[in-house]
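Trainee: Here you go, target-v4.cif (mmCIF, C-alpha atoms):
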data_work
#
loop_
_atom_site.group_PDB
_atom_site.id
_atom_site.type_symbol
_atom_site.label_atom_id
_atom_site.label_comp_id
_atom_site.auth_asym_id
_atom_site.auth_seq_id
_atom_site.Cartn_x
_atom_site.Cartn_y
_atom_site.Cartn_z
ATOM 1 C CA MET Q 1 84.602 128.732 83.743
ATOM 2 C CA THR Q 2 83.075 129.511 87.152
ATOM 3 C CA ALA Q 3 86.515 129.897 88.774
ATOM 4 C CA ASN Q 4 87.680 132.183 85.972
ATOM 5 C CA ARG Q 5 84.582 134.368 86.342
ATOM 6 C CA GLY Q 6 85.216 134.560 90.089
ATOM 7 C CA HIS Q 7 88.795 135.699 89.584
ATOM 8 C CA ALA Q 8 87.664 138.303 87.070
ATOM 9 C CA VAL Q 9 85.109 139.658 89.521
ATOM 10 C CA LEU Q 10 87.743 139.917 92.254
ATOM 11 C CA ALA Q 11 90.063 141.768 89.885
ATOM 12 C CA VAL Q 12 87.324 144.263 89.071
ATOM 13 C CA LEU Q 13 86.561 144.705 92.763
ATOM 14 C CA LEU Q 14 90.215 145.321 93.544
ATOM 15 C CA VAL Q 15 90.530 148.004 90.882
ATOM 16 C CA ALA Q 16 87.344 149.677 92.064
ATOM 17 C CA ALA Q 17 88.318 149.511 95.712
ATOM 18 C CA LEU Q 18 91.793 150.885 95.097
ATOM 19 C CA GLY Q 19 90.258 153.630 93.027
ATOM 20 C CA SER Q 20 88.157 154.528 96.036
ATOM 21 C CA ALA Q 21 91.279 154.522 98.197
ATOM 22 C CA CYS Q 22 93.077 156.872 95.812
ATOM 23 C CA ALA Q 23 90.065 159.149 95.701
ATOM 24 C CA ALA Q 24 90.016 159.218 99.478
ATOM 25 C CA GLU Q 25 93.723 160.036 99.458
ATOM 26 C CA SER Q 26 93.343 162.981 97.101
ATOM 27 C CA SER Q 27 90.565 164.437 99.206
ATOM 28 C CA GLY Q 28 92.532 164.199 102.429
ATOM 29 C CA GLY Q 29 91.294 160.752 103.430
ATOM 30 C CA SER Q 30 87.546 161.512 103.555
ATOM 31 C CA ARG Q 31 85.207 158.555 103.080
ATOM 32 C CA GLY Q 32 82.488 160.676 101.513
ATOM 33 C CA SER Q 33 78.803 160.878 102.375
ATOM 34 C CA GLY Q 34 78.300 157.130 102.537
ATOM 35 C CA GLY Q 35 79.728 156.882 106.058
ATOM 36 C CA PRO Q 36 82.340 154.466 107.382
ATOM 37 C CA GLY Q 37 80.802 151.415 105.709
ATOM 38 C CA ALA Q 38 80.562 152.876 102.220
ATOM 39 C CA SER Q 39 84.029 151.872 101.019
ATOM 40 C CA GLY Q 40 83.189 148.313 100.053
ATOM 41 C CA GLY Q 41 83.721 146.455 103.336
ATOM 42 C CA VAL Q 42 81.167 144.086 104.866
ATOM 43 C CA LYS Q 43 78.298 146.020 106.425
ATOM 44 C CA ALA Q 44 77.624 145.131 110.044
ATOM 45 C CA ALA Q 45 74.162 144.103 111.185
ATOM 46 C CA PRO Q 46 72.492 146.444 113.693
ATOM 47 C CA GLY Q 47 73.951 145.905 117.141
ATOM 48 C CA GLY Q 48 76.693 143.578 115.908
ATOM 49 C CA GLN Q 49 79.942 143.363 113.999
ATOM 50 C CA ALA Q 50 80.443 142.349 110.397
ATOM 51 C CA LYS Q 51 81.299 138.719 109.886
ATOM 52 C CA PRO Q 52 84.859 138.450 108.541
ATOM 53 C CA GLN Q 53 85.165 137.202 104.990
ATOM 54 C CA SER Q 54 87.463 134.323 104.134
ATOM 55 C CA GLY Q 55 89.306 133.212 101.029
ATOM 56 C CA PRO Q 56 90.230 135.565 98.142
ATOM 57 C CA ALA Q 57 87.439 138.013 98.937
ATOM 58 C CA GLY Q 58 88.674 138.358 102.517
ATOM 59 C CA ALA Q 59 92.254 138.854 101.389
ATOM 60 C CA LEU Q 60 91.078 141.512 98.936
ATOM 61 C CA THR Q 61 89.182 143.386 101.636
ATOM 62 C CA ALA Q 62 92.137 143.217 104.031
ATOM 63 C CA TYR Q 63 94.539 144.511 101.378
ATOM 64 C CA VAL Q 64 92.290 147.396 100.383
ATOM 65 C CA GLU Q 65 91.813 148.405 104.013
ATOM 66 C CA LYS Q 66 95.579 148.277 104.557
ATOM 67 C CA VAL Q 67 96.142 150.578 101.570
ATOM 68 C CA LYS Q 68 93.469 152.992 102.772
ATOM 69 C CA ARG Q 69 94.896 153.146 106.297
ATOM 70 C CA ALA Q 70 98.381 153.786 104.949
ATOM 71 C CA GLN Q 71 97.123 156.567 102.687
ATOM 72 C CA ALA Q 72 95.173 158.177 105.517
ATOM 73 C CA ALA Q 73 98.380 158.252 107.575
ATOM 74 C CA ARG Q 74 100.236 159.709 104.595
ATOM 75 C CA ALA Q 75 97.646 162.468 104.254
ATOM 76 C CA VAL Q 76 98.222 163.490 107.878
ATOM 77 C CA ALA Q 77 102.009 163.363 107.437
ATOM 78 C CA ALA Q 78 101.790 165.384 104.222
ATOM 79 C CA LYS Q 79 100.096 168.244 106.065
ATOM 80 C CA LYS Q 80 102.678 168.079 108.841
ATOM 81 C CA TRP Q 81 105.590 168.290 106.410
ATOM 82 C CA GLY Q 82 104.067 170.928 104.147
ATOM 83 C CA LEU Q 83 103.332 168.852 101.034
ATOM 84 C CA GLU Q 84 100.498 170.108 98.858
ATOM 85 C CA LYS Q 85 99.326 166.535 98.250
ATOM 86 C CA PRO Q 86 100.100 163.210 99.926
ATOM 87 C CA PRO Q 87 102.373 160.889 97.932
ATOM 88 C CA LEU Q 88 100.547 158.376 95.780
ATOM 89 C CA ALA Q 89 100.611 154.717 96.798
ATOM 90 C CA ALA Q 90 102.858 152.486 94.689
ATOM 91 C CA PRO Q 91 101.341 149.298 93.276
ATOM 92 C CA GLN Q 92 102.396 145.884 94.469
ATOM 93 C CA PRO Q 93 105.919 145.118 93.181
ATOM 94 C CA PRO Q 94 106.162 142.560 90.390
ATOM 95 C CA ALA Q 95 106.325 138.896 91.311
ATOM 96 C CA VAL Q 96 109.176 138.558 88.829
ATOM 97 C CA LYS Q 97 111.662 141.418 88.537
ATOM 98 C CA PRO Q 98 112.037 142.893 85.044
ATOM 99 C CA GLU Q 99 115.118 142.081 83.000
ATOM 100 C CA ILE Q 100 117.609 144.944 83.216
ATOM 101 C CA THR Q 101 119.866 145.635 80.244
ATOM 102 C CA THR Q 102 122.394 148.349 79.491
ATOM 103 C CA ARG Q 103 120.881 151.474 77.975
ATOM 104 C CA GLU Q 104 121.749 152.077 74.342
ATOM 105 C CA GLY Q 105 124.738 154.371 74.100
ATOM 106 C CA PHE Q 106 125.996 153.427 77.584
ATOM 107 C CA GLU Q 107 127.751 150.200 76.517
ATOM 108 C CA VAL Q 108 131.439 149.385 76.925
ATOM 109 C CA GLU Q 109 133.434 147.159 74.588
ATOM 110 C CA ASP Q 110 132.846 143.446 75.229
ATOM 111 C CA GLY Q 111 130.558 144.354 78.105
ATOM 112 C CA GLU Q 112 127.801 141.789 77.560
ATOM 113 C CA SER Q 113 128.704 139.845 80.713
ATOM 114 C CA LEU Q 114 129.259 142.939 82.871
ATOM 115 C CA PRO Q 115 126.736 144.654 85.176
ATOM 116 C CA PRO Q 116 124.128 146.577 83.145
ATOM 117 C CA VAL Q 117 124.195 150.385 83.191
ATOM 118 C CA PHE Q 118 120.731 151.916 83.030
ATOM 119 C CA THR Q 119 118.722 155.045 83.801
ATOM 120 C CA THR Q 120 115.203 153.609 83.738
ATOM 121 C CA VAL Q 121 113.700 150.319 84.916
ATOM 122 C CA PRO Q 122 111.510 148.697 82.213
ATOM 123 C CA VAL Q 123 108.032 148.859 83.785
ATOM 124 C CA LYS Q 124 104.572 149.958 82.648
ATOM 125 C CA ASP Q 125 103.241 151.222 85.991
ATOM 126 C CA LYS Q 126 103.594 154.930 86.754
ATOM 127 C CA VAL Q 127 106.337 154.486 89.321
ATOM 128 C CA VAL Q 128 109.703 156.175 89.694
ATOM 129 C CA PHE Q 129 112.644 155.507 92.005
ATOM 130 C CA LEU Q 130 114.266 158.057 94.332
ATOM 131 C CA THR Q 131 117.995 157.763 95.036
ATOM 132 C CA ILE Q 132 120.219 160.002 97.177
ATOM 133 C CA ASP Q 133 123.995 160.187 96.706
ATOM 134 C CA ASP Q 134 127.170 160.664 98.715
ATOM 135 C CA GLY Q 135 126.262 161.351 102.400
ATOM 136 C CA TRP Q 136 127.412 164.941 102.963
ATOM 137 C CA GLU Q 137 124.361 166.293 104.830
ATOM 138 C CA LYS Q 138 123.038 164.262 107.756
ATOM 139 C CA ASP Q 139 119.710 165.885 108.570
ATOM 140 C CA PRO Q 140 117.672 163.994 111.207
ATOM 141 C CA ALA Q 141 114.522 165.651 109.831
ATOM 142 C CA LEU Q 142 114.999 163.746 106.570
ATOM 143 C CA LEU Q 143 114.824 160.405 108.385
ATOM 144 C CA ARG Q 144 111.615 161.362 110.196
ATOM 145 C CA MET Q 145 109.998 162.901 107.123
ATOM 146 C CA MET Q 146 110.609 159.947 104.833
ATOM 147 C CA SER Q 147 109.476 157.436 107.463
ATOM 148 C CA GLU Q 148 106.273 159.325 108.256
ATOM 149 C CA LEU Q 149 105.444 159.867 104.588
ATOM 150 C CA LYS Q 150 106.430 156.260 103.795
ATOM 151 C CA ILE Q 151 108.515 157.342 100.805
ATOM 152 C CA PRO Q 152 111.010 154.635 99.797
ATOM 153 C CA TYR Q 153 114.477 155.681 98.683
ATOM 154 C CA SER Q 154 117.956 154.236 98.229
ATOM 155 C CA ALA Q 155 121.250 155.781 99.383
ATOM 156 C CA PHE Q 156 124.528 155.509 97.458
ATOM 157 C CA LEU Q 157 127.290 156.312 99.935
ATOM 158 C CA SER Q 158 130.907 157.513 99.772
ATOM 159 C CA ASP Q 159 132.986 156.585 102.813
ATOM 160 C CA TYR Q 160 134.914 159.841 103.132
ATOM 161 C CA LEU Q 161 131.591 161.673 103.661
ATOM 162 C CA ILE Q 162 129.820 159.224 105.955
ATOM 163 C CA SER Q 163 132.804 158.307 108.159
ATOM 164 C CA ASN Q 164 132.183 161.151 110.612
ATOM 165 C CA ASN Q 165 128.727 159.763 111.436
ATOM 166 C CA TYR Q 166 128.262 156.125 110.465
ATOM 167 C CA ASP Q 167 125.410 155.870 112.967
ATOM 168 C CA TYR Q 168 123.215 158.252 110.969
ATOM 169 C CA PHE Q 169 123.177 155.787 108.089
ATOM 170 C CA LYS Q 170 122.737 152.863 110.454
ATOM 171 C CA GLU Q 171 119.516 154.519 111.619
ATOM 172 C CA MET Q 172 118.579 155.022 107.978
ATOM 173 C CA ARG Q 173 119.154 151.327 107.325
ATOM 174 C CA ASP Q 174 117.091 150.426 110.384
ATOM 175 C CA ARG Q 175 114.218 152.450 108.884
ATOM 176 C CA GLY Q 176 114.231 150.192 105.820
ATOM 177 C CA VAL Q 177 116.523 152.116 103.465
ATOM 178 C CA SER Q 178 118.971 150.110 101.339
ATOM 179 C CA LEU Q 179 122.554 151.408 101.380
ATOM 180 C CA TYR Q 180 124.667 151.080 98.237
ATOM 181 C CA ASN Q 181 128.159 151.809 96.958
ATOM 182 C CA HIS Q 182 129.348 155.206 95.680
ATOM 183 C CA THR Q 183 133.119 154.530 96.211
ATOM 184 C CA LEU Q 184 135.459 155.434 99.042
ATOM 185 C CA ASN Q 185 136.472 158.926 97.921
ATOM 186 C CA HIS Q 186 134.223 159.986 95.022
ATOM 187 C CA LEU Q 187 137.030 160.127 92.444
ATOM 188 C CA TYR Q 188 136.819 160.252 88.649
ATOM 189 C CA LEU Q 189 137.108 156.523 88.000
ATOM 190 C CA PRO Q 190 138.075 156.474 84.291
ATOM 191 C CA GLY Q 191 141.248 158.363 85.249
ATOM 192 C CA LEU Q 192 142.354 155.589 87.610
ATOM 193 C CA SER Q 193 144.116 152.288 86.967
ATOM 194 C CA TYR Q 194 142.336 148.964 87.418
ATOM 195 C CA ALA Q 195 144.001 148.506 90.828
ATOM 196 C CA GLU Q 196 143.042 152.025 91.943
ATOM 197 C CA GLN Q 197 139.437 151.483 90.871
ATOM 198 C CA GLU Q 198 139.451 148.165 92.707
ATOM 199 C CA ARG Q 199 140.455 149.934 95.897
ATOM 200 C CA GLU Q 200 137.756 152.604 95.493
ATOM 201 C CA ILE Q 201 134.927 150.201 94.669
ATOM 202 C CA CYS Q 202 135.736 146.913 96.380
ATOM 203 C CA ASN Q 203 137.054 148.421 99.619
ATOM 204 C CA GLN Q 204 133.814 150.381 99.895
ATOM 205 C CA GLN Q 205 131.870 147.157 99.334
ATOM 206 C CA THR Q 206 133.697 145.650 102.295
ATOM 207 C CA LYS Q 207 133.300 148.708 104.517
ATOM 208 C CA LEU Q 208 129.567 148.907 103.919
ATOM 209 C CA GLU Q 209 129.174 145.182 104.568
ATOM 210 C CA GLU Q 210 131.133 145.424 107.828
ATOM 211 C CA ARG Q 211 129.267 148.523 109.004
ATOM 212 C CA TYR Q 212 125.732 147.684 107.899
ATOM 213 C CA GLY Q 213 125.636 143.900 107.538
ATOM 214 C CA LYS Q 214 125.012 143.564 103.817
ATOM 215 C CA ARG Q 215 127.249 143.638 100.767
ATOM 216 C CA PRO Q 216 125.731 146.065 98.246
ATOM 217 C CA SER Q 217 124.454 144.641 94.983
ATOM 218 C CA LEU Q 218 124.186 148.061 93.308
ATOM 219 C CA PHE Q 219 126.915 150.607 92.571
ATOM 220 C CA ARG Q 220 126.814 154.126 91.156
ATOM 221 C CA PRO Q 221 130.070 155.614 89.833
ATOM 222 C CA PRO Q 222 130.798 159.224 90.851
ATOM 223 C CA TYR Q 223 129.560 161.769 88.308
ATOM 224 C CA GLY Q 224 128.099 158.848 86.332
ATOM 225 C CA ASN Q 225 131.518 158.274 84.723
ATOM 226 C CA TYR Q 226 132.898 154.788 84.143
ATOM 227 C CA ASN Q 227 134.845 152.622 81.721
ATOM 228 C CA ARG Q 228 135.164 148.902 81.101
ATOM 229 C CA ASP Q 229 137.561 148.475 84.041
ATOM 230 C CA THR Q 230 134.967 150.090 86.321
ATOM 231 C CA LEU Q 231 132.375 147.474 85.416
ATOM 232 C CA ARG Q 232 134.890 144.617 85.568
ATOM 233 C CA VAL Q 233 135.970 145.662 89.049
ATOM 234 C CA ALA Q 234 132.387 146.151 90.205
ATOM 235 C CA LYS Q 235 131.422 142.678 89.031
ATOM 236 C CA SER Q 236 134.466 141.136 90.735
ATOM 237 C CA CYS Q 237 133.342 142.345 94.159
ATOM 238 C CA GLY Q 238 129.652 141.501 93.964
ATOM 239 C CA VAL Q 239 127.915 144.316 92.082
ATOM 240 C CA LYS Q 240 124.968 143.146 89.986
ATOM 241 C CA ALA Q 241 123.853 146.395 88.326
ATOM 242 C CA VAL Q 242 124.829 150.053 87.863
ATOM 243 C CA PRO Q 243 121.832 152.421 88.079
ATOM 244 C CA LEU Q 244 122.479 155.949 86.848
ATOM 245 C CA TRP Q 245 119.582 158.426 86.547
ATOM 246 C CA ALA Q 246 117.036 159.955 84.189
ATOM 247 C CA ALA Q 247 116.396 163.118 86.222
ATOM 248 C CA GLU Q 248 118.107 165.064 89.006
ATOM 249 C CA ALA Q 249 116.278 166.911 91.783
ATOM 250 C CA PHE Q 250 117.265 170.147 93.523
ATOM 251 C CA PRO Q 251 115.359 172.192 96.133
ATOM 252 C CA ASP Q 252 114.322 174.754 93.506
ATOM 253 C CA HIS Q 253 114.235 172.872 90.182
ATOM 254 C CA MET Q 254 114.553 169.593 88.285
ATOM 255 C CA GLU Q 255 117.093 168.705 85.607
ATOM 256 C CA TRP Q 256 116.297 166.135 82.940
ATOM 257 C CA ARG Q 257 118.303 163.712 80.823
ATOM 258 C CA GLU Q 258 115.552 163.066 78.277
ATOM 259 C CA TRP Q 259 114.697 165.447 75.444
ATOM 260 C CA ASP Q 260 111.068 165.894 76.556
ATOM 261 C CA GLN Q 261 112.114 166.977 80.089
ATOM 262 C CA ASP Q 262 109.526 164.764 81.717
ATOM 263 C CA LEU Q 263 109.110 161.665 83.850
ATOM 264 C CA HIS Q 264 108.522 158.214 82.402
ATOM 265 C CA PRO Q 265 107.542 154.898 84.013
ATOM 266 C CA GLY Q 266 110.547 153.408 85.777
ATOM 267 C CA ASP Q 267 112.723 156.540 85.736
ATOM 268 C CA ILE Q 268 115.452 156.783 88.369
ATOM 269 C CA ILE Q 269 115.693 160.176 90.071
ATOM 270 C CA LEU Q 270 118.992 161.333 91.545
ATOM 271 C CA THR Q 271 119.499 163.845 94.308
ATOM 272 C CA HIS Q 272 122.177 164.445 96.948
ATOM 273 C CA PHE Q 273 122.569 164.763 100.696
ATOM 274 C CA ARG Q 274 122.873 168.545 100.849
ATOM 275 C CA GLY Q 275 121.748 171.423 103.049
ATOM 276 C CA PRO Q 276 121.533 175.228 103.081
ATOM 277 C CA GLU Q 277 125.319 175.641 103.044
ATOM 278 C CA GLU Q 278 125.460 174.180 99.537
ATOM 279 C CA TRP Q 279 121.900 174.465 98.215
ATOM 280 C CA LYS Q 280 118.927 176.780 98.344
ATOM 281 C CA GLY Q 281 117.103 174.759 100.965
ATOM 282 C CA THR Q 282 117.112 171.914 103.457
ATOM 283 C CA MET Q 283 116.628 168.216 102.784
ATOM 284 C CA PRO Q 284 112.903 168.499 103.652
ATOM 285 C CA ASP Q 285 112.680 171.431 101.187
ATOM 286 C CA LEU Q 286 114.198 169.180 98.548
ATOM 287 C CA ILE Q 287 111.737 166.367 99.245
ATOM 288 C CA ARG Q 288 108.772 168.752 99.094
ATOM 289 C CA ARG Q 289 109.959 169.981 95.699
ATOM 290 C CA VAL Q 290 110.649 166.618 94.115
ATOM 291 C CA MET Q 291 107.482 165.034 95.523
ATOM 292 C CA LYS Q 292 105.378 167.864 94.096
ATOM 293 C CA THR Q 293 106.787 167.077 90.657
ATOM 294 C CA ILE Q 294 106.293 163.328 91.051
ATOM 295 C CA THR Q 295 102.771 163.513 92.485
ATOM 296 C CA ASP Q 296 101.528 166.241 90.141
ATOM 297 C CA LYS Q 297 102.539 164.061 87.207
ATOM 298 C CA GLY Q 298 100.585 161.112 88.616
ATOM 299 C CA TYR Q 299 103.549 158.985 89.682
ATOM 300 C CA ALA Q 300 104.255 157.037 92.863
ATOM 301 C CA VAL Q 301 107.687 156.348 94.339
ATOM 302 C CA ALA Q 302 108.510 152.643 94.495
ATOM 303 C CA LYS Q 303 111.366 150.777 96.148
ATOM 304 C CA LEU Q 304 114.233 150.253 93.710
ATOM 305 C CA GLU Q 305 115.349 146.913 95.125
ATOM 306 C CA ASP Q 306 111.840 145.482 94.579
ATOM 307 C CA TYR Q 307 112.468 145.846 90.840
ATOM 308 C CA VAL Q 308 116.234 145.399 90.389
#
Go ahead and express the file in the form of structure tokens.

Mentor:
Amino acid sequence: MTANRGHAVLAVLLVAALGSACAAESSGGSRGSGGPGASGGVKAAPGGQAKPQSGPAGALTAYVEKVKRAQAARAVAAKKWGLEKPPLAAPQPPAVKPEITTREGFEVEDGESLPPVFTTVPVKDKVVFLTIDDGWEKDPALLRMMSELKIPYSAFLSDYLISNNYDYFKEMRDRGVSLYNHTLNHLYLPGLSYAEQEREICNQQTKLEERYGKRPSLFRPPYGNYNRDTLRVAKSCGVKAVPLWAAEAFPDHMEWREWDQDLHPGDIILTHFRGPEEWKGTMPDLIRRVMKTITDKGYAVAKLEDYV
């Protein structure tokens, strides 16, 4: 009973402390009128330093301080990049990843053993996942912005668009971004034979592995179009799941798949590598727009591969 009460107290303290961190974030990182020691840490004796805590309480304090430092840095970066509010901090990823199944209406015949096709990850936390497709625009400002704001995202790449600058995506990978398969040439897959789809999907698997050191486990078909052969081919060359999207972001608006035109826990957001030649804005303009929507609705961006 005593141990259970202790764990309950720590849980309450964690919620309260993280609430304080979020409040500090929304007010630009201010600690309030209580001074530097008012956030729940151990108060130092006059003329000395606080004695470090050990055990679960110490781990709790260290974690809360880490979150607060990260959010303070995000607040500074948000001002630099012109965001109205800093991005919200995502919760710790689940210890066990949720079970992913094919969305109703997206099934193929006899597809039970094939990679699931989905638009939303089944979670309860207010997190969404940001994905960027193809590789057309290669804006160095995007790499800096996302790193400084600590916004996780995943890139689904087509070889014919990235082949003129593989190094740009190598730098992206080195910054912690996962690179996934979007075929060699961005063709309409249901119009191709099994062998032609195999070339488009599996050859891109091999190219990405050779270039970036890891064989992708996720694949997104161009235009979101696929058939049973697409999923059979994808499975044959190592694909575990096929994430589509619930919403699509542009520099000046959002488009929605769902009837209520809103975000939901676990939604996958699609956007593209584009610039002023194709869109009404730069990649940083796009990120400012989509992050305003996400943050205003009380969501944080989480890392897709932590959940799938």

Trainee: Name the residues in contact with region 106-119 of chain Q at a cut-off of 10 Å, using only C-alpha atoms, excluding same-chain residues fewer than 2 positions from it; report them as a PyMOL selection string.

Mentor: chain Q and resi 100-104+121-122+218-220+224+226-236+238-247+257+266-270

Trainee: Run the PyMOL selection byres ((chain Q and resi 205) around 10) against the file shown and list the residues it catches, as a ChimeraX atom specification.

Mentor: /Q:180-184,199-204,206-210,214-219,234,237-239

Trainee: If you measure from CA of Tyr194 (chain Q) to CA of Gly135 (chain Q), what distance in Å do you get, rounded to one decimal?

Mentor: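 Result for CA of Tyr194 (chain Q) versus CA of Gly135 (chain Q): 25.2 Å, one decimal.
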
Trainee: Box along x, y and z, 4 Å on every side, all listed atoms of region 212-218 of chain Q inside: centre and edge lengths in Å to one decimal, as AutoDock Vina command-line options.

Mentor:
--center_x 125.7 --center_y 145.8 --center_z 100.6 --size_x 11.1 --size_y 12.5 --size_z 22.6

Trainee: Given the file shown, enumerate the residues that the PyMOL selection byres ((chain Q and resi 151) around 10) captures and present them as a ChimeraX atom specification.

Mentor: /Q:74,87-90,129-130,145-150,152-153,177,287,291,300-303

Trainee: Looking at all atoms listed in the file, which of Q:Pro251, Q:Pro276, Q:Gly213, Q:Pro98 is the one that sits closest to Lys292 (chain Q)?

Mentor: Q:Pro251

Trainee: Applied to the shown file, which residues does the PyMOL selection byres ((chain Q and resi 293) around 12) return, written as a ChimeraX atom specification?

Mentor: /Q:83-85,87-88,128,247-255,261-263,269,286-292,294-301

Trainee: One decimal, in Å: what's the spacing between CA of Glu196 (chain Q) and CA of Ile132 (chain Q)?

Mentor: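 CA of Glu196 (chain Q) sits 24.7 Å away from CA of Ile132 (chain Q).
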
Trainee: How far is it from CA of Lys124 (chain Q) to CA of Gly105 (chain Q), in Å with one decimal?

Mentor: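 Between CA of Lys124 (chain Q) and CA of Gly105 (chain Q) the gap works out to 22.3 Å.
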
Trainee: May I ask which of the residues Q:Pro284, Q:Asp306, Q:Lys66, Q:Tyr223 is the closest one to Ala78 (chain Q), counting all atoms listed in the file?

Mentor: Q:Pro284
